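Working notes, beginning with the structure itself.
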Amino acid sequence: MHTAQRELADALRALHTASDGRALVLPNAWDAASAALIAQAGARAIATTSGGVAWSAGRPDGHGLTREEMAAAVRRIADAVDVPVSADIEGGYGPGADDVAATVRAVIAAGAVGVNLEDSQAPGGPLHDVSAQAVRLRAARSAAAEAGLPGLWINARTDVFLFGIGAAKERVEHVLTRAKAYADAGADSLFVPGLVDLDTVAELVRRGPLPVNVMAGPGAPPVTAFEAVGVRRVSVGTALAQTAYGTVRRAAAELLDTGSYDAMRGAADFGTVNNAVSAARAAR
C-alpha cells in the first residue's frame, strides 16, 4: 500500500466531513477518458458507475462483469486521475462475505479509496436481510484493513426506495433500521438511490446515524436543495453515460438519415480529449 493511496483515502474522507456544509458532488465515470474529463471539469473526486462500465464492455448492468473485469476498469480510471476514486462494486460480485472481501481487496489493489456496496441480491430485489448485509459490510471493512487501507470509505447502498421494497409508508423506518445496522458494521455513509423527495431525505438525515448520499439527475432537486437539508454526497449513477450514449445515438441517426452533423455540435474537441488521456498516461 503506497502512502499516496492512503493520502487519497484521507482526502476522500475529508470531502465527506467538511465543515462548510458542501456536498461532495460526484459525476460518475465509466472509463479513463470520462474520468479524466470529469476531473478536468473540477470534480474533487471520481465515482465509477457500474452500469456505464458494464455497457462500455458490452455487458448489462447488474453483475454483468466479473470481479476481475470491474477491477481492471477501476485501475484504468484510477490511473487516469490524481483525485480520489470510489468504486461501485455493486453487490460485491457474490453473495457471501468472502466474495465482498475479495472484491474490496481487488479494487484497493486497483487504486480505489472508496466503495459502494449495495444490499440488493439482483436488480429489482430481493435485498439481503439486515444481519446478512451487516456481515458483508464487516467483511469489507476487515478486508480494507488487511489490505493496508483502513480508511477506505464504505458507502452502504440500500435499494429499499429504488426497488420499492415493502409498503411505502414503512420505507423510511426500514431504511433507518438498515442504516443503524450498517453503521454498526463499519459503513461510513448511506446511499439511498430512488429517493429525491426533500422532506423524506431530510428525515433520513435528521434521524439516521450516517451521512446521506442521494442519486440525482433530470427531474431531481438541484444540489443546493439537497445541501440545504444536510445531504453530504450527490452522485448521478448512469446519467452521464446515458447522456453520452444518447448523443451518439442522435448524431448517428442524423448522419445516417440526413447526412448532416448538427447533433455533433458542442462535442469536446479532439485535442481536449486526447490531451486528457495523454496527460494521465504521462503521469504514470
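Ordering of the C-alpha cells sets the chain letters (A, B, ...); residue numbers start at 1 within each chain; ligands are numbered from 1 in the order shown.
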
Exercise: Gln121 of chain A partners within 8 Å, only C-alpha atoms, chain neighbours under 3 positions left out, as a PyMOL selection string: chain A and resi 91+95+125-128

Those same residues - C-alpha atoms - I'd like them written as a PDB file, in the first residue's frame.
```pdb
ATOM      1  CA  GLY A  91     -23.274  -6.348  -4.581  1.00  0.00           C
ATOM      2  CA  PRO A  95     -23.478 -13.333  -2.112  1.00  0.00           C
ATOM      3  CA  GLY A 125     -34.556  -7.300  -5.394  1.00  0.00           C
ATOM      4  CA  PRO A 126     -34.795  -9.108  -3.114  1.00  0.00           C
ATOM      5  CA  LEU A 127     -32.491  -7.487  -0.606  1.00  0.00           C
ATOM      6  CA  HIS A 128     -30.102  -9.284   1.695  1.00  0.00           C
TER       7      HIS A 128
END
```

Write out as a ChimeraX atom specification all residues of segment 27-249 of chain A that DSSP puts in strand (DSSP E or B) for this structure's backbone. /A:28-29,46-48,85-88,114-118,120,127,153-157,189-191,212-215,233-235

Go ahead and write the residues just picked, C-alpha atoms, as an mmCIF file, in the first residue's frame.
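Printed below is out.cif as written:
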```
data_model
loop_
_atom_site.group_PDB
_atom_site.id
_atom_site.type_symbol
_atom_site.label_atom_id
_atom_site.label_comp_id
_atom_site.auth_asym_id
_atom_site.auth_seq_id
_atom_site.Cartn_x
_atom_site.Cartn_y
_atom_site.Cartn_z
ATOM 1 C CA ASN A 28 -19.849 9.228 -12.352
ATOM 2 C CA ALA A 29 -17.201 7.979 -14.810
ATOM 3 C CA ILE A 46 -14.427 10.428 -9.070
ATOM 4 C CA ALA A 47 -17.047 7.749 -8.566
ATOM 5 C CA THR A 48 -17.482 4.948 -11.062
ATOM 6 C CA VAL A 85 -11.665 7.279 -6.794
ATOM 7 C CA SER A 86 -14.638 5.460 -5.295
ATOM 8 C CA ALA A 87 -15.541 2.177 -6.996
ATOM 9 C CA ASP A 88 -19.074 0.929 -7.496
ATOM 10 C CA GLY A 114 -13.796 4.146 -1.554
ATOM 11 C CA VAL A 115 -16.512 1.665 -2.498
ATOM 12 C CA ASN A 116 -20.275 1.453 -2.889
ATOM 13 C CA LEU A 117 -21.714 -1.846 -1.666
ATOM 14 C CA GLU A 118 -25.409 -2.471 -2.302
ATOM 15 C CA SER A 120 -29.842 -5.959 -3.308
ATOM 16 C CA LEU A 127 -32.491 -7.487 -0.606
ATOM 17 C CA TRP A 153 -14.725 4.981 2.619
ATOM 18 C CA ILE A 154 -17.601 2.493 2.546
ATOM 19 C CA ASN A 155 -20.806 3.901 1.077
ATOM 20 C CA ALA A 156 -23.537 1.435 2.063
ATOM 21 C CA ARG A 157 -26.243 1.433 -0.586
ATOM 22 C CA SER A 189 -22.259 6.725 4.675
ATOM 23 C CA LEU A 190 -25.692 5.664 3.478
ATOM 24 C CA PHE A 191 -26.644 5.726 -0.215
ATOM 25 C CA VAL A 212 -26.600 10.562 3.355
ATOM 26 C CA ASN A 213 -25.830 10.139 -0.356
ATOM 27 C CA VAL A 214 -28.574 10.666 -2.941
ATOM 28 C CA MET A 215 -28.647 9.821 -6.639
ATOM 29 C CA ARG A 233 -22.880 13.388 -1.177
ATOM 30 C CA VAL A 234 -24.657 13.663 -4.537
ATOM 31 C CA SER A 235 -23.956 11.322 -7.439
#
```

Would you list, as number ranges by chain, the residues of segment 172-281 of chain A that end up in helix (DSSP H, G or I) under DSSP run on this structure's backbone? A: 172-184, 198-207, 223-228, 239-258, 262-264, 270-281

Would you list the contacts of Phe226 of chain A as an MDAnalysis selection string, taking every protein, DNA or RNA residue within 12 Å and counting only C-alpha atoms, but skipping same-chain residues closer than 2 positions in sequence? chainID A and resid 21:25 195:202 205 212:216 220:224 228:235

Between A:Ala267, A:Ala73, A:Val135, A:Val236, which has the minimum distance to Val248 of chain A (counting only C-alpha atoms)? A:Ala267

Residues within 8 Å of Ala143 of chain A, please, as a VMD selection string. Count only C-alpha atoms; anything in the same chain fewer than 4 positions from it doesn't count. chain A and resid 101 to 102 104 to 105 139 147

Using only N, CA and C atoms, please write the residues we just selected to a file, as a short mmCIF file (atom, residue, chain, number, x, y, z; two decimals), in the first residue's frame.
```cif
data_model
loop_
_atom_site.label_atom_id
_atom_site.label_comp_id
_atom_site.auth_asym_id
_atom_site.auth_seq_id
_atom_site.Cartn_x
_atom_site.Cartn_y
_atom_site.Cartn_z
N ALA A 101 -15.16 -9.44 0.46
CA ALA A 101 -13.78 -9.19 0.86
C ALA A 101 -12.83 -9.28 -0.33
N ALA A 102 -13.03 -10.29 -1.16
CA ALA A 102 -12.17 -10.44 -2.34
C ALA A 102 -12.31 -9.25 -3.28
N VAL A 104 -13.27 -6.14 -2.46
CA VAL A 104 -12.66 -4.96 -1.84
C VAL A 104 -11.14 -5.00 -2.01
N ARG A 105 -10.55 -6.15 -1.77
CA ARG A 105 -9.09 -6.25 -1.96
C ARG A 105 -8.71 -5.95 -3.41
N ALA A 139 -17.12 -7.55 6.55
CA ALA A 139 -16.08 -8.20 5.74
C ALA A 139 -15.36 -7.17 4.88
N ALA A 147 -5.77 -5.02 3.79
CA ALA A 147 -5.08 -4.56 2.58
C ALA A 147 -4.24 -3.32 2.83
#
```

Atomic separation - atom CA of Glu90 of chain A relative to atom CA of Gly166 of chain A, Å: 21.5 Å

Could you check which of A:Ala32, A:Leu26, A:Val107, A:Leu149 is closest to Glu7 of chain A, using only C-alpha atoms? A:Leu149

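Here atom CA of Thr247 of chain A stands at a distance of 23.6 Å from atom CA of Gly62 of chain A.
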
Computed gap from atom CA of Arg250 of chain A to atom CA of Ser34 of chain A is 19.4 Å

Under the rule that only C-alpha atoms are counted, which of A:Gly52, A:Gly237, A:Gly208, A:Gly271 is the nearest residue to Leu37 of chain A? A:Gly271

Which residues of segment 55-167 of chain A sit at most 10 Å from segment 171-179 of chain A, using only C-alpha atoms? Give each one's shortest atom pair and distance in Å (one decimal place), in chain and ascending residue order, as a tab-separated table.
```
residue	atom	partner	partner_atom	distance
A:Asp119	CA	A:Arg178	CA	9.6
A:Asp129	CA	A:Arg178	CA	9.0
A:Val130	CA	A:Arg178	CA	6.0
A:Ser131	CA	A:Arg178	CA	8.9
A:Gln133	CA	A:Arg178	CA	8.8
A:Ala134	CA	A:Arg178	CA	8.5
A:Ala156	CA	A:Ala179	CA	8.3
A:Arg157	CA	A:Ala179	CA	9.4
A:Thr158	CA	A:Val175	CA	7.3
A:Asp159	CA	A:Val175	CA	8.9
A:Val160	CA	A:Arg171	CA	6.7
A:Phe161	CA	A:Arg171	CA	7.0
A:Gly164	CA	A:Arg171	CA	8.2
A:Ile165	CA	A:Arg171	CA	7.3
A:Gly166	CA	A:Arg171	CA	6.7
A:Ala167	CA	A:Arg171	CA	6.6
```

Using C-alpha atoms, can you export the residues from the last selection as a PDB file, in the first residue's frame?
```pdb
ATOM      1  CA  ASP A 119     -27.802  -4.665  -0.357  1.00  0.00           C
ATOM      2  CA  ASP A 129     -31.634  -9.325   5.132  1.00  0.00           C
ATOM      3  CA  VAL A 130     -30.255  -6.761   7.528  1.00  0.00           C
ATOM      4  CA  SER A 131     -27.992  -9.078   9.506  1.00  0.00           C
ATOM      5  CA  GLN A 133     -25.727  -7.353   4.846  1.00  0.00           C
ATOM      6  CA  ALA A 134     -24.121  -6.238   8.089  1.00  0.00           C
ATOM      7  CA  ALA A 156     -23.537   1.435   2.063  1.00  0.00           C
ATOM      8  CA  ARG A 157     -26.243   1.433  -0.586  1.00  0.00           C
ATOM      9  CA  THR A 158     -29.760   0.359   0.263  1.00  0.00           C
ATOM     10  CA  ASP A 159     -32.249  -0.242  -2.529  1.00  0.00           C
ATOM     11  CA  VAL A 160     -35.416  -0.007  -0.431  1.00  0.00           C
ATOM     12  CA  PHE A 161     -36.651   3.065  -2.312  1.00  0.00           C
ATOM     13  CA  GLY A 164     -39.989  -0.122  -3.874  1.00  0.00           C
ATOM     14  CA  ILE A 165     -39.378  -2.723  -1.179  1.00  0.00           C
ATOM     15  CA  GLY A 166     -42.282  -3.086   1.250  1.00  0.00           C
ATOM     16  CA  ALA A 167     -45.183  -0.726   1.862  1.00  0.00           C
TER      17      ALA A 167
END
```
